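Participant: Sending over run.cif (mmCIF, C-alpha atoms).
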data_run
#
loop_
_atom_site.label_atom_id
_atom_site.label_comp_id
_atom_site.auth_asym_id
_atom_site.auth_seq_id
_atom_site.Cartn_x
_atom_site.Cartn_y
_atom_site.Cartn_z
CA MET A 1 -22.96 80.95 115.24
CA LYS A 2 -20.02 82.74 113.65
CA ILE A 3 -18.32 80.06 111.53
CA THR A 4 -15.32 80.12 109.20
CA ILE A 5 -14.62 77.60 106.44
CA ALA A 6 -11.07 77.32 105.12
CA GLY A 7 -9.32 75.04 102.67
CA ASP A 8 -8.75 74.48 98.98
CA SER A 9 -11.39 74.25 96.24
CA TRP A 10 -13.29 71.57 98.18
CA GLY A 11 -14.04 74.20 100.81
CA CYS A 12 -15.49 76.47 98.10
CA GLY A 13 -18.19 73.91 97.25
CA GLU A 14 -19.31 72.15 94.06
CA TRP A 15 -17.47 72.99 90.82
CA GLN A 16 -18.50 72.42 87.21
CA ASN A 17 -18.55 74.06 83.79
CA LEU A 18 -20.69 77.19 83.84
CA SER A 19 -22.12 78.86 80.76
CA SER A 20 -21.89 82.29 82.33
CA TRP A 21 -20.25 83.78 85.37
CA ASP A 22 -22.45 84.36 88.40
CA HIS A 23 -20.61 86.68 90.76
CA ASN A 24 -22.52 85.28 93.72
CA LEU A 25 -21.49 81.67 93.20
CA ALA A 26 -17.85 81.76 94.26
CA SER A 27 -16.13 82.87 97.42
CA ALA A 28 -14.53 86.30 97.34
CA GLN A 29 -11.10 84.68 97.26
CA ASN A 30 -11.75 83.17 93.83
CA THR A 31 -14.11 85.51 92.03
CA GLU A 32 -11.72 88.07 90.57
CA ASN A 33 -8.98 85.56 89.76
CA LEU A 34 -11.38 83.26 87.89
CA LYS A 35 -13.02 86.14 86.02
CA LYS A 36 -9.61 87.27 84.77
CA TYR A 37 -8.48 83.77 83.90
CA PHE A 38 -11.57 82.96 81.85
CA GLN A 39 -12.01 86.41 80.33
CA GLY A 40 -13.36 86.20 76.79
CA THR A 41 -14.57 82.59 77.02
CA ASP A 42 -18.20 81.42 76.96
CA THR A 43 -17.74 78.59 79.44
CA ILE A 44 -15.79 78.58 82.67
CA TYR A 45 -15.06 75.98 85.33
CA GLY A 46 -16.27 77.54 88.54
CA VAL A 47 -18.23 77.18 91.75
CA SER A 48 -21.82 76.13 90.96
CA HIS A 49 -22.91 75.70 94.59
CA THR A 50 -21.17 76.85 97.76
CA GLY A 51 -21.65 73.47 99.44
CA LEU A 52 -21.11 73.38 103.19
CA GLN A 53 -21.27 77.18 103.34
CA SER A 54 -24.73 77.18 101.76
CA TYR A 55 -26.17 74.62 104.17
CA LEU A 56 -24.74 76.43 107.20
CA GLU A 57 -26.20 79.73 106.03
CA LYS A 58 -29.62 78.16 105.43
CA ASP A 59 -29.62 77.17 109.10
CA GLY A 60 -28.96 80.78 110.11
CA HIS A 61 -25.22 80.73 110.76
CA ILE A 62 -22.95 83.64 109.78
CA VAL A 63 -20.31 82.09 107.53
CA THR A 64 -16.98 83.43 106.30
CA ASN A 65 -15.42 81.24 103.61
CA VAL A 66 -11.74 81.88 102.92
CA SER A 67 -11.21 78.72 100.86
CA ARG A 68 -9.44 79.13 97.53
CA GLY A 69 -9.11 77.00 94.43
CA ALA A 70 -5.73 75.20 94.23
CA GLY A 71 -4.89 76.51 97.67
CA THR A 72 -2.32 74.80 99.86
CA ASN A 73 -2.46 74.03 103.55
CA GLN A 74 0.01 76.87 104.06
CA ASP A 75 -2.41 79.23 102.31
CA VAL A 76 -5.00 78.35 104.94
CA LEU A 77 -2.66 79.53 107.70
CA LYS A 78 -2.39 82.89 105.92
CA ASP A 79 -6.09 83.20 105.10
CA LEU A 80 -7.71 82.33 108.43
CA PRO A 81 -9.18 85.35 110.26
CA GLN A 82 -7.36 86.62 113.32
CA ASP A 83 -10.48 87.41 115.32
CA LYS A 84 -12.30 84.85 117.42
CA GLN A 85 -14.77 82.52 115.70
CA ASP A 86 -17.35 80.26 117.30
CA LEU A 87 -16.20 77.42 115.04
CA ILE A 88 -13.71 76.84 112.23
CA PHE A 89 -13.93 74.00 109.71
CA VAL A 90 -10.75 73.32 107.74
CA PHE A 91 -10.63 71.11 104.66
CA VAL A 92 -7.19 69.48 104.63
CA THR A 93 -5.73 69.19 101.16
CA ASP A 94 -2.76 67.27 99.77
CA THR A 95 0.85 68.18 100.48
CA ALA A 96 2.12 67.41 96.95
CA ARG A 97 0.89 70.78 95.66
CA GLU A 98 3.35 72.50 97.98
CA TYR A 99 6.15 71.35 95.66
CA SER A 100 6.23 73.49 92.53
CA ASP A 101 9.55 71.94 91.48
CA ARG A 102 9.13 68.29 90.46
CA ASN A 103 12.83 67.68 91.11
CA GLU A 104 12.22 68.66 94.71
CA PHE A 105 9.13 66.48 94.97
CA TRP A 106 10.61 63.31 93.46
CA GLN A 107 13.49 61.79 95.43
CA LEU A 108 15.07 58.91 93.54
CA ASP A 109 16.14 57.13 96.72
CA TYR A 110 12.64 57.24 98.23
CA THR A 111 10.38 54.24 98.74
CA PHE A 112 6.60 54.59 98.72
CA GLU A 113 6.67 54.63 102.52
CA ASP A 114 9.15 57.53 102.44
CA TYR A 115 6.72 59.63 100.41
CA VAL A 116 3.87 58.78 102.79
CA ASN A 117 6.00 59.57 105.84
CA ARG A 118 7.10 62.90 104.39
CA HIS A 119 3.46 63.69 103.71
CA LYS A 120 2.40 62.79 107.26
CA LEU A 121 5.19 64.86 108.81
CA SER A 122 4.06 67.84 106.76
CA ILE A 123 0.43 67.39 107.83
CA LYS A 124 1.42 66.97 111.47
CA LYS A 125 3.48 70.19 111.37
CA TYR A 126 0.56 71.97 109.69
CA ILE A 127 -1.84 70.83 112.42
CA GLN A 128 0.59 71.96 115.10
CA ASP A 129 0.71 75.39 113.44
CA LEU A 130 -3.10 75.54 113.39
CA ALA A 131 -3.12 74.70 117.09
CA GLN A 132 -1.04 77.80 117.81
CA LEU A 133 -3.83 80.05 116.52
CA ASP A 134 -6.03 81.55 119.21
CA ILE A 135 -9.13 82.01 117.05
CA GLY A 136 -11.58 79.40 118.33
CA PRO A 137 -12.19 75.63 118.09
CA ILE A 138 -10.84 74.11 114.86
CA TYR A 139 -12.36 70.98 113.34
CA LEU A 140 -10.64 69.26 110.42
CA ILE A 141 -12.29 67.66 107.42
CA GLY A 142 -10.19 65.17 105.48
CA GLY A 143 -10.29 66.17 101.81
CA LEU A 144 -7.47 65.11 99.51
CA THR A 145 -5.67 64.08 102.70
CA LYS A 146 -7.15 61.36 104.90
CA LEU A 147 -6.78 62.16 108.59
CA THR A 148 -5.86 59.85 111.44
CA ASN A 149 -5.80 60.48 115.18
CA ASP A 150 -2.02 60.28 115.46
CA LEU A 151 -1.79 63.48 113.38
CA ILE A 152 -3.60 65.56 116.02
CA GLU A 153 -1.98 63.95 119.06
CA GLY A 154 -0.87 66.52 121.63
CA THR A 155 -2.85 69.38 120.06
CA SER A 156 -6.18 71.09 120.70
CA ILE A 157 -7.33 70.35 117.15
CA SER A 158 -10.21 67.93 116.50
CA ILE A 159 -11.05 65.79 113.49
CA ALA A 160 -14.67 66.21 112.43
CA VAL A 161 -14.41 63.89 109.42
CA PRO A 162 -11.33 61.70 108.77
CA SER A 163 -12.23 61.31 105.08
CA MET A 164 -14.99 63.12 103.24
CA LEU A 165 -14.60 60.66 100.37
CA GLU A 166 -15.19 57.66 102.62
CA LEU A 167 -18.09 59.44 104.34
CA VAL A 168 -20.02 60.24 101.17
CA ILE A 169 -19.05 57.02 99.35
CA PRO A 170 -19.57 54.25 101.94
CA GLY A 171 -17.46 51.14 101.52
CA SER A 172 -14.65 52.98 99.76
CA THR A 173 -11.08 53.30 101.02
CA GLN A 174 -9.21 56.51 100.30
CA PHE A 175 -5.71 56.52 98.82
CA GLU A 176 -2.81 56.86 101.22
CA PHE A 177 -1.37 59.82 99.40
CA TYR A 178 -2.56 62.04 96.56
CA PHE A 179 0.09 61.91 93.83
CA GLU A 180 -2.10 63.12 90.97
CA LYS A 181 -0.61 66.62 90.61
CA HIS A 182 2.85 65.24 89.99
CA ILE A 183 2.18 61.79 88.60
CA GLY A 184 0.11 63.16 85.73
CA GLY A 185 2.78 65.33 84.17
CA ASP A 186 5.91 63.66 85.40
CA LEU A 187 5.19 59.96 85.03
CA LEU A 188 2.08 59.16 83.03
CA TYR A 189 3.04 61.47 80.17
CA SER A 190 6.78 61.84 80.61
CA LYS A 191 9.40 60.54 78.21
CA GLY A 192 11.05 58.63 80.99
CA ASP A 193 13.42 61.26 82.31
CA ILE A 194 12.17 60.55 85.85
CA SER A 195 10.23 57.31 85.70
CA SER A 196 13.08 55.44 84.01
CA LYS A 197 15.20 56.03 87.11
CA MET A 198 12.59 54.83 89.60
CA PRO A 199 12.08 51.25 90.81
CA LYS A 200 9.27 49.44 89.00
CA GLU A 201 7.74 48.41 92.32
CA LEU A 202 7.41 52.05 93.32
CA LEU A 203 5.95 53.04 89.95
CA ASN A 204 3.35 50.30 90.19
CA ARG A 205 2.34 51.47 93.66
CA LEU A 206 2.08 55.10 92.53
CA HIS A 207 -0.19 54.11 89.65
CA LYS A 208 -2.28 51.94 91.98
CA GLU A 209 -2.85 54.90 94.30
CA ASN A 210 -3.71 57.12 91.36
CA LEU A 211 -6.26 54.59 90.07
CA ILE A 212 -8.10 54.82 93.40
CA TRP A 213 -8.44 58.55 92.81
CA GLU A 214 -9.59 58.03 89.22
CA GLU A 215 -12.35 55.70 90.44
CA TYR A 216 -13.51 58.32 92.95
CA ARG A 217 -13.68 60.92 90.17
CA LYS A 218 -16.19 58.74 88.27
CA HIS A 219 -18.59 58.42 91.21
CA PRO A 220 -21.96 60.26 91.11
CA MET A 221 -21.00 62.03 94.34
CA MET A 222 -18.16 63.71 92.45
CA ILE A 223 -17.98 66.05 89.47
CA ASN A 224 -14.48 65.36 88.21
CA ASP A 225 -12.16 66.54 91.01
CA HIS A 226 -14.77 67.92 93.39
CA PRO A 227 -17.61 66.67 95.62
CA THR A 228 -21.14 67.52 94.50
CA ARG A 229 -23.63 69.62 96.45
CA GLN A 230 -25.26 66.34 97.51
CA ALA A 231 -21.93 65.22 98.95
CA HIS A 232 -21.65 68.52 100.83
CA LYS A 233 -25.18 68.03 102.18
CA LYS A 234 -24.18 64.61 103.47
CA LEU A 235 -21.10 66.18 105.03
CA TYR A 236 -23.20 68.89 106.66
CA ASP A 237 -25.70 66.40 108.07
CA TYR A 238 -22.80 64.53 109.66
CA ILE A 239 -20.95 67.49 111.19
CA LYS A 240 -24.07 69.22 112.58
CA LYS A 241 -23.34 67.45 115.86
CA TYR A 242 -20.32 69.73 116.33
CA ILE A 243 -22.38 72.92 115.91
#
I need this file expressed as structure tokens, please.
Facilitator:
Amino acid sequence: MKITIAGDSWGCGEWQNLSSWDHNLASAQNTENLKKYFQGTDTIYGVSHTGLQSYLEKDGHIVTNVSRGAGTNQDVLKDLPQDKQDLIFVFVTDTAREYSDRNEFWQLDYTFEDYVNRHKLSIKKYIQDLAQLDIGPIYLIGGLTKLTNDLIEGTSISIAVPSMLELVIPGSTQFEFYFEKHIGGDLLYSKGDISSKMPKELLNRLHKENLIWEEYRKHPMMINDHPTRQAHKKLYDYIKKYI
């Protein structure tokens, strides 16, 4: 089958510190950018195994992987091929990374539910945009965003895996919203210019959500921020029913 994988760094595969750059390890989207970024260093953080792509290829499928490190959901819309595919798997990432301006992200009159609702509206609009593409059947994989059936309602899009984290780490419950990109710099290490203006109840909830993510990062199925090749194998074994 002719299959495309799209998404952020999770779609690229397993990442870890590498002692030398292997040009064949990363997707074409990331190779040149990472080589330039780490030029002159002995160790780089890069793709050590292409994950789902590798397992699909071993079973004889022709795979195009347009995933990119730190990519947004909007990047996926730009990167997906325009020609027909037999199958497309899309890793759905968080919506927080779409806000480069922290003053735009943080709204002082928002409750926790407001942030979650804004996130869900963004994901729903993204899925509706994917549904407009006439490129073949699209199956979603919940990455840094957990997926629920209400998000695909009224579209031709299917959810292959609601949460990769919950799939590969049974018994776990994924966070409602991934705040890490903004909470790290703006709240955990800030001098209070933002956090001092926010309700304590909201701050406590934000930290609680972030702690769930920190626990995931410590699990053997993860290497820091990314699933291992073993996690990708478990993912592949599960989604083979759609192929």
Participant: Got a sec: who's within 7 Å of Pro137 of chain A, counting only C-alpha atoms, leaving out chain neighbours fewer than 3 positions off, as a PyMOL selection string?
Facilitator: chain A and resi 86-88
Participant: Neighbouring residues of segment 144-153 of chain A were defined as those with any atom within 6 Å, considering only C-alpha atoms; residues of the same chain fewer than 4 positions away were excluded. Please report them as a list in words.
Facilitator: Val92, Thr93, Asp94, Lys124, Pro162 and Ser163 of chain A
Participant: Translate the PyMOL selection byres ((chain A and resi 95) around 10) into a concrete residue list for this structure, as a PyMOL selection string.
Facilitator: chain A and resi 72-74+92-94+96-99+118-123+126+144-145+177-179
Participant: Could you check which of A:Glu215, A:Gly143, A:Met222, A:Leu202 is closest to Tyr115 of chain A, using all atoms listed in the file?
Facilitator: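 Closest candidate: A:Leu202.
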Participant: Check the smallest atom-to-atom distance from each of A:Ile3, A:Ile212, A:Leu235, A:Val76 to Gly136 of chain A using only C-alpha atoms, then report the winner.
Facilitator: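 Residue with the minimum atom-to-atom distance to Gly136 of chain A: A:Ile3.
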Participant: Could you check how far atom CA of Glu214 of chain A sits from atom CA of Trp15 of chain A, in Å to one decimal?
Facilitator: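 These two atoms are separated by 17.0 Å.
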Participant: Closest to Ala160 of chain A among A:Gln85, A:Trp213, A:Tyr242, A:Lys125, using all atoms listed in the file?
Facilitator: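 Using all atoms listed in the file, Ala160 of chain A sits closest to A:Tyr242.
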Participant: Mind telling me what the PyMOL selection byres ((chain A and resi 82) around 8) catches here, as a list in words?
Facilitator: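 Listing what the PyMOL selection byres ((chain A and resi 82) around 8) selects in the shown file: Leu80, Pro81, Asp83, Lys84, Asp134 and Ile135 of chain A.
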Participant: Which of these residues is nearest to Ser195 of chain A, using only C-alpha atoms: A:Leu18, A:Leu211, A:Val63, A:Leu108?
Facilitator: A:Leu108
Participant: Would you mind reading off the distance between atom CA of Tyr236 of chain A and atom CA of Tyr55 of chain A, one decimal, in Å?
Facilitator: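 Computed distance, atom CA of Tyr236 of chain A to atom CA of Tyr55 of chain A, equals 6.9 Å.
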Participant: In terms of the shortest atom-to-atom distance over all atoms listed in the file, which of A:Met1, A:Ile159, A:Val116, A:Val66 is closest to Arg205 of chain A?
Facilitator: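 Checking each of A:Met1, A:Ile159, A:Val116, A:Val66 against Arg205 of chain A, counting all atoms listed in the file, the winner is A:Val116.
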